[in-house]
Each structure stands twice: as C-alpha cells, then as structure tokens.
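Taking it in order: structure first as structure tokens, then the write-up.
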Amino acid sequence: METLSPPHPDVRQRSLPLSVVALAAATFSVVTTEMLPVGLLTSLASGLGVSAGTAGLTVTLPGVVAALAALLLPVAVRGTDRRTVLCGLMLLLGAANLLSALAPSFTVLLAARLVVGLCIGGVWAVAASLAVRLVRAEAVGRATAVVFSGIAVASVLGVPAGTFLGELAGWRWAFGAVAALGLAVAGLLAAVLPALPPSEPVRLGTFPGLLRLPRLRTGLIAVGLLVVGHFAAYTYVRPVLERVPDVGAGLISTLLLCYGVAGVAGNFLSGTAAARDPRRALLLISAALAAVVLLLVPAGASLPVSVALLVAWGLAYGGVSVSSQNWVMAAAPEAREAASALFAGIFNLAIALGALAGGRVADAYGTTYALWLGGGLAALALAVVATARPTR
C-alpha cells in the first residue's frame, strides 16, 4: 500500500492551531445542522402543514443517509485532496441549509435534509482521521479531542442557539443562519488547512478486510452498543426528570445545559486518557454509563442525586466519540480513513437505532424501561471491551 508523505513540517507547524480548530468548526456545523429540527419541530410542522411525527423525518432520514455516506463517500473521492473534499462538503451543507430555509413545501425540505445527511457522513468520515496528520505524535490526543469537541459544543450552544433564533424570528431564519455558518466554515477550511492528499486508497473491498481485524471489530461493536444504549435512554431523559420532585420546565432546561457542559469537559478529559490507552478509557466510560443510567431508575425520588447522576452521565458520554476514534486509529494504523469511515457509519446508524429502540420500549413499557435498556447495553459494551486485547 502506497503511503503519501505528510505536509512539510514547517507548513504543519504554522497551520496547527487554526487548522485543528477549523475541523472542530466543521463537526460543530454538521451536528448543529443535524439536530436543529429537534428544537424547531412544532413551528416547522405548522409552517409546512405536516404533523409533528412527519416533521421528525427531517432528523431520522439524514441520520440514515449519513451512515451510508460515511462508508461510500470516502470511496467516491479516494483520489481527491481532503481539504478540497471538506470544503466542498461544507459548501454543499450551506447550500442545503439555504434550500431548507427557502423550502416551499415539506417535500423540498426533506430533499434538502437528505443532502445534509450526505454532508454529515462525509465530514465525519474524513475529518475524524485528519488530526494525526496535522500535529506531532505527542499532540494527537489533544488534537483529536478538539476535533470531536465540535460535537459536544453543538449540543450545548449550537442547537439551543438555533432554537432561540427560530423562536425569535421563525424557523426559516434558523436554517438561514446555519447556511451562513457552513459557508463561513468552508472559507476557513480553505484558508487554513494544508494540502491533504489521501494517505491510502479507500475502496469498498477495504471494509470487509478491516472487519476481520479482531481489535477493530471489537471496538466497533462496543461503540455501537454504547451509542444505541445512550440514545435509547437519553431520548427520554426529559420525562425521566419530570418525575423528580420539585423539577419544573425551567430547571430541566438548566439541568440539560449542565449535562451538555459536562459532555464538553468529558470530551477533553477522555481525549487525553484515550491517547495513552483507549481500551482503559472505554472501560471506564462503559462502566460509568452503565452505572449512572441504571442508578437513575431508583434515584427518581431525590433531586440532588438525580442532578449528580445526570452530570456524571454527561461526563461519561462526552468521552465516547474521542475514545472510540482513538481505539479505531490504534487498531488500524495503516487504514485510518477507512476505519474512521466504518466508525462514522456505525455511530450514525446507532443513533437512529437507539432512538427507535428507546421509543418502542418506552411506548410499550414506560420510560423507566428505556433506562434499563440503555444501562444494560452499556454493561454489555463493558463486557465486550473487558474481554478485548489491548489496542496498544
């Protein structure tokens, strides 16, 4: 396998701080765009004359497309400079959001959201593996944490800001704002990223070979279990919190903000630990997620305990993305981009499956059982990681 040389060290050193931040801005943009309809669902449905359930397709379908795009797009652009690919995807994201803002019908909006799914999967698959090419070896852990911090910050700032703008000026202006953001990030990437020729060819036949690597396969199974479990439980965290005595709507919003801030902190704490030993980091994260989610079931009678567990949940889940990505890169060092594409595809598919599974369980048995499902899957992930060979 031919490996192309990295950028000249002088170029890499000059572009280091802003180039990594630019990648974080790209992940922030796609995750904000992906989740934006969640906070705008009622006004969006009313404005386009559809039910809230139908409007929910603007979140579900892009997730499915993103899972497919994460696998297929690196294959389609395998010979293209990654700076060009990322700039093109961000321009396309801006155009899709502009079309969403101007959509005359729900059909047009849904078509634009399918394009958004392509951008989400593409950016995840390409950007996730680039930190190692932009920094020296000793800084890879921190740089990877910065890239993935865009995901956590989108939950804390991006989506609430979009929701606020939608309430203030209408949902179309919210989509217009993220369209402008996408175009601005495309310009930033073009200005600060060095040339990034593909380091290895990604072909469809590459993926079956990677899945035969035991350590990589184990890591992907573990992250799939963790993400499905998390979204099965977290999708219904609001009704879970509503049963706690003395909790009103305003306090719940504050608690969810605290959860998001804890997630940002967890991302950076885990990034440093995972760079040294991704297996140990995922062991701790899996154990923590299993414990806090399951303990929320009996903690419903106590506000202080519920708050402490929710913050601990944020800290633990904030480290899932960056720790898993470090595991993937350690398990397949000769095929980082292809392995990252598999990781991104499974992660996005797990989000959709988690929300679906949690919904089925909550509807059939109640929200408490969604917590049992989430905690049980995290415990299963812990068993999978515990039996795996060290990644380093």
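Ordering of the structure tokens sets the chain letters (A, B, ...), residue numbers begin anew at 1 in every chain, and ligands are numbered from 1 in the order given.
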Got a sec: who's within 12 Å of A:Phe343, counting only C-alpha atoms, leaving out chain neighbours fewer than 5 positions off, as a VMD selection string? chain A and resid 66 to 71 121 to 122 124 to 126 128 to 129 207 210 to 211 216 to 224 227 320 to 329 331 to 332 336 to 338 348 to 350
Suppose we keep N, CA and C atoms; can you now write the selection as a short mmCIF file (atom, residue, chain, number, x, y, z; two decimals), in the first residue's frame?
data_model
loop_
_atom_site.label_atom_id
_atom_site.label_comp_id
_atom_site.auth_asym_id
_atom_site.auth_seq_id
_atom_site.Cartn_x
_atom_site.Cartn_y
_atom_site.Cartn_z
N ALA A 66 -26.52 9.62 6.48
CA ALA A 66 -25.17 9.87 6.99
C ALA A 66 -24.41 8.57 7.22
N ALA A 67 -25.11 7.54 7.72
CA ALA A 67 -24.46 6.25 7.96
C ALA A 67 -23.95 5.65 6.65
N LEU A 68 -24.75 5.76 5.59
CA LEU A 68 -24.34 5.24 4.28
C LEU A 68 -23.25 6.11 3.67
N ALA A 69 -23.40 7.42 3.79
CA ALA A 69 -22.42 8.33 3.19
C ALA A 69 -21.05 8.19 3.82
N ALA A 70 -21.02 7.90 5.12
CA ALA A 70 -19.73 7.74 5.80
C ALA A 70 -18.92 6.61 5.18
N LEU A 71 -19.59 5.59 4.67
CA LEU A 71 -18.90 4.47 4.04
C LEU A 71 -18.61 4.72 2.57
N GLY A 121 -22.28 12.55 7.04
CA GLY A 121 -21.48 11.34 6.95
C GLY A 121 -20.11 11.59 6.35
N GLY A 122 -20.04 12.42 5.32
CA GLY A 122 -18.78 12.72 4.68
C GLY A 122 -17.81 13.46 5.58
N TRP A 124 -17.80 13.60 8.92
CA TRP A 124 -17.37 12.70 10.00
C TRP A 124 -16.27 11.76 9.51
N ALA A 125 -16.50 11.11 8.38
CA ALA A 125 -15.57 10.09 7.90
C ALA A 125 -14.21 10.68 7.56
N VAL A 126 -14.19 11.86 6.97
CA VAL A 126 -12.93 12.45 6.52
C VAL A 126 -12.22 13.19 7.65
N ALA A 128 -12.46 13.00 10.92
CA ALA A 128 -12.09 12.26 12.13
C ALA A 128 -10.68 11.73 12.09
N SER A 129 -10.17 11.43 10.91
CA SER A 129 -8.85 10.80 10.80
C SER A 129 -7.74 11.80 10.50
N PHE A 207 -13.39 -2.44 3.41
CA PHE A 207 -14.17 -2.57 4.64
C PHE A 207 -14.28 -4.00 5.14
N LEU A 210 -11.10 -4.86 6.88
CA LEU A 210 -10.96 -4.21 8.19
C LEU A 210 -11.79 -4.91 9.26
N LEU A 211 -12.98 -5.35 8.87
CA LEU A 211 -13.85 -6.02 9.84
C LEU A 211 -13.29 -7.37 10.29
N LEU A 216 -10.26 -4.05 15.91
CA LEU A 216 -11.14 -3.03 15.32
C LEU A 216 -12.59 -3.46 15.42
N ARG A 217 -12.86 -4.72 15.10
CA ARG A 217 -14.23 -5.23 15.17
C ARG A 217 -14.79 -5.10 16.58
N THR A 218 -13.97 -5.42 17.57
CA THR A 218 -14.41 -5.30 18.96
C THR A 218 -14.74 -3.86 19.32
N GLY A 219 -13.89 -2.93 18.89
CA GLY A 219 -14.14 -1.53 19.18
C GLY A 219 -15.42 -1.03 18.55
N LEU A 220 -15.68 -1.44 17.31
CA LEU A 220 -16.90 -1.01 16.63
C LEU A 220 -18.15 -1.59 17.29
N ILE A 221 -18.06 -2.84 17.73
CA ILE A 221 -19.19 -3.45 18.44
C ILE A 221 -19.46 -2.69 19.74
N ALA A 222 -18.38 -2.37 20.46
CA ALA A 222 -18.54 -1.67 21.74
C ALA A 222 -19.17 -0.30 21.54
N VAL A 223 -18.67 0.46 20.55
CA VAL A 223 -19.23 1.81 20.36
C VAL A 223 -20.68 1.72 19.88
N GLY A 224 -21.00 0.72 19.07
CA GLY A 224 -22.39 0.55 18.65
C GLY A 224 -23.31 0.31 19.84
N VAL A 227 -23.61 3.65 21.95
CA VAL A 227 -24.40 4.72 21.34
C VAL A 227 -25.88 4.34 21.27
N VAL A 320 -17.16 9.30 24.71
CA VAL A 320 -17.36 8.14 23.84
C VAL A 320 -16.75 8.36 22.45
N SER A 321 -17.05 9.49 21.82
CA SER A 321 -16.60 9.73 20.44
C SER A 321 -15.08 9.73 20.34
N VAL A 322 -14.43 10.53 21.18
CA VAL A 322 -12.99 10.69 21.06
C VAL A 322 -12.26 9.42 21.48
N SER A 323 -12.75 8.72 22.50
CA SER A 323 -12.11 7.47 22.93
C SER A 323 -12.26 6.39 21.87
N SER A 324 -13.43 6.30 21.28
CA SER A 324 -13.66 5.31 20.23
C SER A 324 -12.79 5.59 19.01
N GLN A 325 -12.67 6.87 18.64
CA GLN A 325 -11.84 7.23 17.50
C GLN A 325 -10.38 6.87 17.75
N ASN A 326 -9.89 7.09 18.96
CA ASN A 326 -8.52 6.70 19.30
C ASN A 326 -8.35 5.19 19.23
N TRP A 327 -9.35 4.44 19.67
CA TRP A 327 -9.31 2.97 19.56
C TRP A 327 -9.21 2.58 18.09
N VAL A 328 -10.04 3.19 17.25
CA VAL A 328 -10.06 2.86 15.82
C VAL A 328 -8.71 3.13 15.17
N MET A 329 -8.12 4.26 15.46
CA MET A 329 -6.84 4.60 14.85
C MET A 329 -5.72 3.68 15.34
N ALA A 331 -6.20 0.54 16.32
CA ALA A 331 -6.46 -0.81 15.84
C ALA A 331 -6.19 -0.98 14.35
N ALA A 332 -6.22 0.12 13.58
CA ALA A 332 -5.99 0.04 12.13
C ALA A 332 -5.10 1.20 11.70
N ARG A 336 -6.35 4.38 8.45
CA ARG A 336 -7.09 5.23 9.40
C ARG A 336 -8.37 5.80 8.80
N GLU A 337 -8.32 6.26 7.55
CA GLU A 337 -9.52 6.90 6.99
C GLU A 337 -10.62 5.88 6.75
N ALA A 338 -10.27 4.70 6.23
CA ALA A 338 -11.29 3.67 6.01
C ALA A 338 -11.89 3.22 7.34
N ASN A 348 -23.48 6.75 13.39
CA ASN A 348 -24.71 7.40 12.95
C ASN A 348 -25.88 6.43 12.88
N LEU A 349 -25.62 5.20 12.44
CA LEU A 349 -26.68 4.20 12.43
C LEU A 349 -27.13 3.88 13.84
N ALA A 350 -26.19 3.83 14.78
CA ALA A 350 -26.53 3.54 16.17
C ALA A 350 -27.40 4.63 16.78
#
Taking 5 positions as the minimum chain separation for residues in the same chain, which residues sit within 12 Å of A:Val123 when counting only C-alpha atoms? Answer as a ChimeraX atom specification. /A:23-31,66-67,69-71,73-74,82-93,116-118,128-130,147-148,150-151,182,186,337,340-341,344-345
Those same residues - C-alpha atoms - I'd like them written as a CSV table (one decimal), in the first residue's frame.
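This is the output file selection.csv:
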chain,number,residue,atom,x,y,z
A,23,LEU,CA,-12.0,20.9,11.7
A,24,ALA,CA,-13.8,21.3,15.0
A,25,ALA,CA,-15.9,24.1,13.4
A,26,ALA,CA,-16.8,21.6,10.6
A,27,THR,CA,-18.0,19.0,13.1
A,28,PHE,CA,-19.9,21.7,15.1
A,29,SER,CA,-21.6,22.8,11.9
A,30,VAL,CA,-22.8,19.4,10.8
A,31,VAL,CA,-24.0,18.3,14.2
A,66,ALA,CA,-25.2,9.9,7.0
A,67,ALA,CA,-24.5,6.3,8.0
A,69,ALA,CA,-22.4,8.3,3.2
A,70,ALA,CA,-19.7,7.7,5.8
A,71,LEU,CA,-18.9,4.5,4.0
A,73,LEU,CA,-18.2,9.0,0.1
A,74,PRO,CA,-14.5,8.2,1.0
A,82,ARG,CA,-9.1,16.0,1.7
A,83,ARG,CA,-9.0,19.8,2.0
A,84,THR,CA,-10.9,20.0,-1.3
A,85,VAL,CA,-13.4,17.3,-0.1
A,86,LEU,CA,-14.1,19.1,3.2
A,87,CYS,CA,-14.5,22.5,1.6
A,88,GLY,CA,-16.9,21.0,-1.0
A,89,LEU,CA,-18.9,19.3,1.7
A,90,MET,CA,-19.3,22.5,3.7
A,91,LEU,CA,-20.3,24.5,0.7
A,92,LEU,CA,-22.9,21.8,-0.1
A,93,LEU,CA,-24.1,21.9,3.6
A,116,VAL,CA,-27.5,17.3,4.7
A,117,GLY,CA,-27.2,13.6,5.6
A,118,LEU,CA,-24.6,13.2,2.8
A,128,ALA,CA,-12.1,12.3,12.1
A,129,SER,CA,-8.9,10.8,10.8
A,130,LEU,CA,-7.0,14.1,10.0
A,147,VAL,CA,-11.9,18.0,16.6
A,148,PHE,CA,-14.6,16.0,18.4
A,150,GLY,CA,-17.4,20.3,17.9
A,151,ILE,CA,-20.0,17.6,18.5
A,182,GLY,CA,-21.5,26.4,6.7
A,186,ALA,CA,-15.8,26.3,4.1
A,337,GLU,CA,-9.5,6.9,7.0
A,340,SER,CA,-12.9,6.1,10.6
A,341,ALA,CA,-15.5,5.8,7.8
A,344,ALA,CA,-18.7,7.1,11.5
A,345,GLY,CA,-21.2,4.9,9.7
Please give the complete set of residues from stretch 175-298 of chain A that DSSP, run on the backbone, assigns to alpha helix (DSSP H), formatted as a PyMOL selection string. chain A and resi 175-192+206-211+214-234+237-242+249-276+278-295
If you measure from atom CA of A:Val153 to atom CA of A:Trp171, what distance in Å do you get, rounded to one decimal? 21.0 Å
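Atom CA of A:Pro160 is positioned 28.0 Å from atom CA of A:Tyr369.
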Write out as a JSON list (two decimals) with C-alpha atoms, in the first residue's frame each polymer residue whose atoms come within 12 Å of A:Arg280, counting only C-alpha atoms; drop sequence neighbours fewer than 4 positions from it.
[["chain", "number", "residue", "atom", "x", "y", "z"],
["A", 270, "SER", "CA", -11.16, 11.40, 27.77],
["A", 271, "GLY", "CA", -9.16, 12.66, 24.80],
["A", 272, "THR", "CA", -6.01, 12.87, 26.88],
["A", 273, "ALA", "CA", -6.59, 9.49, 28.54],
["A", 274, "ALA", "CA", -7.59, 7.71, 25.33],
["A", 275, "ALA", "CA", -4.47, 8.88, 23.51],
["A", 276, "ARG", "CA", -2.44, 6.87, 26.03],
["A", 284, "LEU", "CA", -14.10, 3.46, 32.42],
["A", 285, "ILE", "CA", -16.67, 5.11, 30.15],
["A", 286, "SER", "CA", -18.70, 1.91, 29.70],
["A", 287, "ALA", "CA", -18.70, 1.21, 33.43],
["A", 323, "SER", "CA", -12.11, 7.47, 22.93],
["A", 324, "SER", "CA", -13.66, 5.31, 20.23],
["A", 326, "ASN", "CA", -8.52, 6.70, 19.30],
["A", 327, "TRP", "CA", -9.31, 2.97, 19.56],
["A", 382, "LEU", "CA", -18.24, -3.06, 29.19],
["A", 385, "VAL", "CA", -14.23, -4.13, 25.98],
["A", 386, "ALA", "CA", -13.09, -6.07, 29.07],
["A", 387, "THR", "CA", -12.55, -9.24, 27.03],
["A", 388, "ALA", "CA", -10.70, -7.43, 24.20],
["A", 389, "ARG", "CA", -6.97, -7.46, 23.76],
["A", 390, "PRO", "CA", -5.25, -4.12, 24.45],
["A", 391, "THR", "CA", -5.21, -1.84, 21.40],
["A", 392, "ARG", "CA", -1.60, -0.88, 22.12]]
Distance query A:Ala308 at most 10 Å, only C-alpha atoms, self and fewer than 2 positions along chain excluded, as a PDB file with N, CA, C and O atoms, in the first residue's frame:
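Saved the output as around_31.pdb:
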ATOM      1  N   LEU A 255     -30.746  21.848  33.778  1.00  0.00           N
ATOM      2  CA  LEU A 255     -30.079  20.567  34.001  1.00  0.00           C
ATOM      3  C   LEU A 255     -29.517  19.999  32.705  1.00  0.00           C
ATOM      4  O   LEU A 255     -28.403  19.445  32.676  1.00  0.00           O
ATOM      5  N   TYR A 259     -25.716  19.111  31.722  1.00  0.00           N
ATOM      6  CA  TYR A 259     -25.326  17.851  31.079  1.00  0.00           C
ATOM      7  C   TYR A 259     -24.432  18.127  29.867  1.00  0.00           C
ATOM      8  O   TYR A 259     -23.399  17.475  29.677  1.00  0.00           O
ATOM      9  N   VAL A 292     -24.473   4.987  35.920  1.00  0.00           N
ATOM     10  CA  VAL A 292     -25.297   6.185  36.128  1.00  0.00           C
ATOM     11  C   VAL A 292     -26.689   6.019  35.520  1.00  0.00           C
ATOM     12  O   VAL A 292     -27.681   6.481  36.108  1.00  0.00           O
ATOM     13  N   LEU A 296     -30.208   5.924  37.801  1.00  0.00           N
ATOM     14  CA  LEU A 296     -31.265   6.926  37.655  1.00  0.00           C
ATOM     15  C   LEU A 296     -32.650   6.340  37.903  1.00  0.00           C
ATOM     16  O   LEU A 296     -33.587   7.070  38.221  1.00  0.00           O
ATOM     17  N   LEU A 303     -33.808  14.853  44.116  1.00  0.00           N
ATOM     18  CA  LEU A 303     -33.307  15.829  43.153  1.00  0.00           C
ATOM     19  C   LEU A 303     -31.779  15.904  43.160  1.00  0.00           C
ATOM     20  O   LEU A 303     -31.162  15.846  42.093  1.00  0.00           O
ATOM     21  N   PRO A 304     -31.105  16.029  44.319  1.00  0.00           N
ATOM     22  CA  PRO A 304     -29.637  16.121  44.306  1.00  0.00           C
ATOM     23  C   PRO A 304     -28.974  14.907  43.655  1.00  0.00           C
ATOM     24  O   PRO A 304     -28.017  15.053  42.894  1.00  0.00           O
ATOM     25  N   VAL A 305     -29.480  13.715  43.949  1.00  0.00           N
ATOM     26  CA  VAL A 305     -28.880  12.502  43.375  1.00  0.00           C
ATOM     27  C   VAL A 305     -29.118  12.460  41.871  1.00  0.00           C
ATOM     28  O   VAL A 305     -28.217  12.117  41.094  1.00  0.00           O
ATOM     29  N   SER A 306     -30.302  12.830  41.442  1.00  0.00           N
ATOM     30  CA  SER A 306     -30.605  12.833  40.008  1.00  0.00           C
ATOM     31  C   SER A 306     -29.718  13.827  39.261  1.00  0.00           C
ATOM     32  O   SER A 306     -29.217  13.539  38.166  1.00  0.00           O
ATOM     33  N   LEU A 310     -26.985  12.904  36.400  1.00  0.00           N
ATOM     34  CA  LEU A 310     -27.105  13.483  35.062  1.00  0.00           C
ATOM     35  C   LEU A 310     -25.785  14.119  34.629  1.00  0.00           C
ATOM     36  O   LEU A 310     -25.350  13.956  33.479  1.00  0.00           O
ATOM     37  N   VAL A 311     -25.128  14.829  35.537  1.00  0.00           N
ATOM     38  CA  VAL A 311     -23.829  15.431  35.213  1.00  0.00           C
ATOM     39  C   VAL A 311     -22.790  14.346  34.951  1.00  0.00           C
ATOM     40  O   VAL A 311     -21.987  14.444  34.014  1.00  0.00           O
ATOM     41  N   ALA A 312     -22.816  13.286  35.762  1.00  0.00           N
ATOM     42  CA  ALA A 312     -21.891  12.165  35.540  1.00  0.00           C
ATOM     43  C   ALA A 312     -22.157  11.499  34.196  1.00  0.00           C
ATOM     44  O   ALA A 312     -21.221  11.072  33.508  1.00  0.00           O
ATOM     45  N   TRP A 313     -23.418  11.420  33.818  1.00  0.00           N
ATOM     46  CA  TRP A 313     -23.786  10.880  32.506  1.00  0.00           C
ATOM     47  C   TRP A 313     -23.157  11.727  31.406  1.00  0.00           C
ATOM     48  O   TRP A 313     -22.575  11.197  30.454  1.00  0.00           O
TER      49      TRP A 313
END
Residues within 7 Å of stretch 49-60 of chain A, only C-alpha atoms, excluding chain neighbours under 2 positions, as a list in words: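 Selected residues are Glu34, Met35, Pro37, Leu41, Thr42, Ala45, Ser46, Gly47, Pro62, Gly63, Val64, Leu110, Arg113 and Ala352 of chain A.
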Can you write out the residues you just picked, keeping all heavy atoms, as a CSV table (one decimal), in the first residue's frame?
chain,number,residue,atom,x,y,z
A,34,GLU,N,-27.7,18.8,11.9
A,34,GLU,CA,-28.4,17.6,12.0
A,34,GLU,C,-29.5,17.6,13.1
A,34,GLU,O,-30.6,17.2,12.8
A,34,GLU,CB,-27.4,16.5,12.4
A,34,GLU,CG,-28.0,15.1,12.6
A,34,GLU,CD,-27.0,14.0,12.9
A,34,GLU,OE1,-25.9,14.4,13.4
A,34,GLU,OE2,-27.3,12.8,12.8
A,35,MET,N,-29.2,18.3,14.2
A,35,MET,CA,-30.1,18.3,15.3
A,35,MET,C,-31.0,19.5,15.4
A,35,MET,O,-31.9,19.6,16.2
A,35,MET,CB,-29.3,18.2,16.6
A,35,MET,CG,-28.4,16.9,16.7
A,35,MET,SD,-29.3,15.4,16.4
A,35,MET,CE,-30.5,15.4,17.8
A,37,PRO,N,-33.6,20.6,13.7
A,37,PRO,CA,-35.1,20.5,13.6
A,37,PRO,C,-35.7,20.0,14.9
A,37,PRO,O,-36.9,20.2,15.2
A,37,PRO,CB,-35.3,19.4,12.5
A,37,PRO,CG,-34.1,19.5,11.7
A,37,PRO,CD,-33.0,19.8,12.6
A,41,LEU,N,-39.3,21.7,15.8
A,41,LEU,CA,-40.3,20.7,15.2
A,41,LEU,C,-41.7,21.3,15.1
A,41,LEU,O,-42.4,21.1,14.1
A,41,LEU,CB,-40.2,19.4,16.0
A,41,LEU,CG,-40.5,18.1,15.3
A,41,LEU,CD1,-39.4,18.0,14.2
A,41,LEU,CD2,-40.4,17.0,16.2
A,42,THR,N,-42.1,21.9,16.2
A,42,THR,CA,-43.5,22.4,16.2
A,42,THR,C,-43.8,23.5,15.2
A,42,THR,O,-44.7,23.4,14.4
A,42,THR,CB,-43.9,22.9,17.6
A,42,THR,OG1,-43.7,21.8,18.6
A,42,THR,CG2,-45.3,23.3,17.7
A,45,ALA,N,-43.4,22.1,11.6
A,45,ALA,CA,-44.6,21.3,11.2
A,45,ALA,C,-45.8,22.2,10.9
A,45,ALA,O,-46.5,22.0,9.9
A,45,ALA,CB,-44.9,20.3,12.3
A,46,SER,N,-46.0,23.2,11.7
A,46,SER,CA,-47.1,24.1,11.5
A,46,SER,C,-46.9,24.9,10.2
A,46,SER,O,-47.8,25.1,9.4
A,46,SER,CB,-47.2,25.0,12.7
A,46,SER,OG,-48.2,26.0,12.5
A,47,GLY,N,-45.7,25.4,10.0
A,47,GLY,CA,-45.4,26.2,8.8
A,47,GLY,C,-45.6,25.5,7.5
A,47,GLY,O,-45.9,26.1,6.5
A,62,PRO,N,-31.9,12.0,7.6
A,62,PRO,CA,-30.5,12.4,7.4
A,62,PRO,C,-29.5,11.5,8.2
A,62,PRO,O,-28.4,11.2,7.7
A,62,PRO,CB,-30.4,13.8,8.0
A,62,PRO,CG,-31.8,14.3,7.8
A,62,PRO,CD,-32.7,13.1,8.0
A,63,GLY,N,-29.9,11.0,9.3
A,63,GLY,CA,-29.1,10.1,10.1
A,63,GLY,C,-28.8,8.8,9.3
A,63,GLY,O,-27.7,8.3,9.3
A,64,VAL,N,-29.8,8.2,8.7
A,64,VAL,CA,-29.7,7.0,7.9
A,64,VAL,C,-28.7,7.3,6.7
A,64,VAL,O,-27.8,6.5,6.4
A,64,VAL,CB,-31.0,6.5,7.4
A,64,VAL,CG1,-30.8,5.3,6.5
A,64,VAL,CG2,-31.9,6.1,8.6
A,110,LEU,N,-37.4,18.0,2.9
A,110,LEU,CA,-36.9,16.7,3.1
A,110,LEU,C,-35.8,16.3,2.1
A,110,LEU,O,-34.8,15.7,2.5
A,110,LEU,CB,-38.0,15.6,3.0
A,110,LEU,CG,-37.8,14.3,3.7
A,110,LEU,CD1,-37.5,14.5,5.2
A,110,LEU,CD2,-39.0,13.4,3.5
A,113,ARG,N,-32.7,18.0,3.4
A,113,ARG,CA,-32.2,17.3,4.6
A,113,ARG,C,-31.5,16.0,4.2
A,113,ARG,O,-30.6,15.5,4.9
A,113,ARG,CB,-33.3,17.0,5.5
A,113,ARG,CG,-34.0,18.2,6.1
A,113,ARG,CD,-33.0,19.0,7.0
A,113,ARG,NE,-32.7,18.2,8.2
A,113,ARG,CZ,-31.8,18.5,9.1
A,113,ARG,NH1,-31.1,19.7,9.0
A,113,ARG,NH2,-31.6,17.8,10.2
A,352,ALA,N,-29.7,6.4,15.2
A,352,ALA,CA,-31.1,6.1,14.7
A,352,ALA,C,-31.7,4.9,15.4
A,352,ALA,O,-32.8,4.9,15.8
A,352,ALA,CB,-31.1,6.0,13.2
Distance of atom CA of A:Thr32 from atom CA of A:Ala96, expressed in Å to one decimal place: 13.5 Å
The residue from A:Thr368, A:Ala190, A:Val159, A:Val264 with the smallest atom-to-atom distance to A:Arg243, counting only C-alpha atoms, is A:Thr368
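When only C-alpha atoms are used to compute distances to A:Ala152, the closest of the residues A:Gly266, A:Ala179, A:Arg279, A:Pro198 turns out to be A:Gly266.
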Of the candidates A:Leu213, A:Val307, A:Leu225, A:Ala76, which one gets nearest to A:Leu257 if we count only C-alpha atoms?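 Of all the options, A:Val307 lies closest to A:Leu257.
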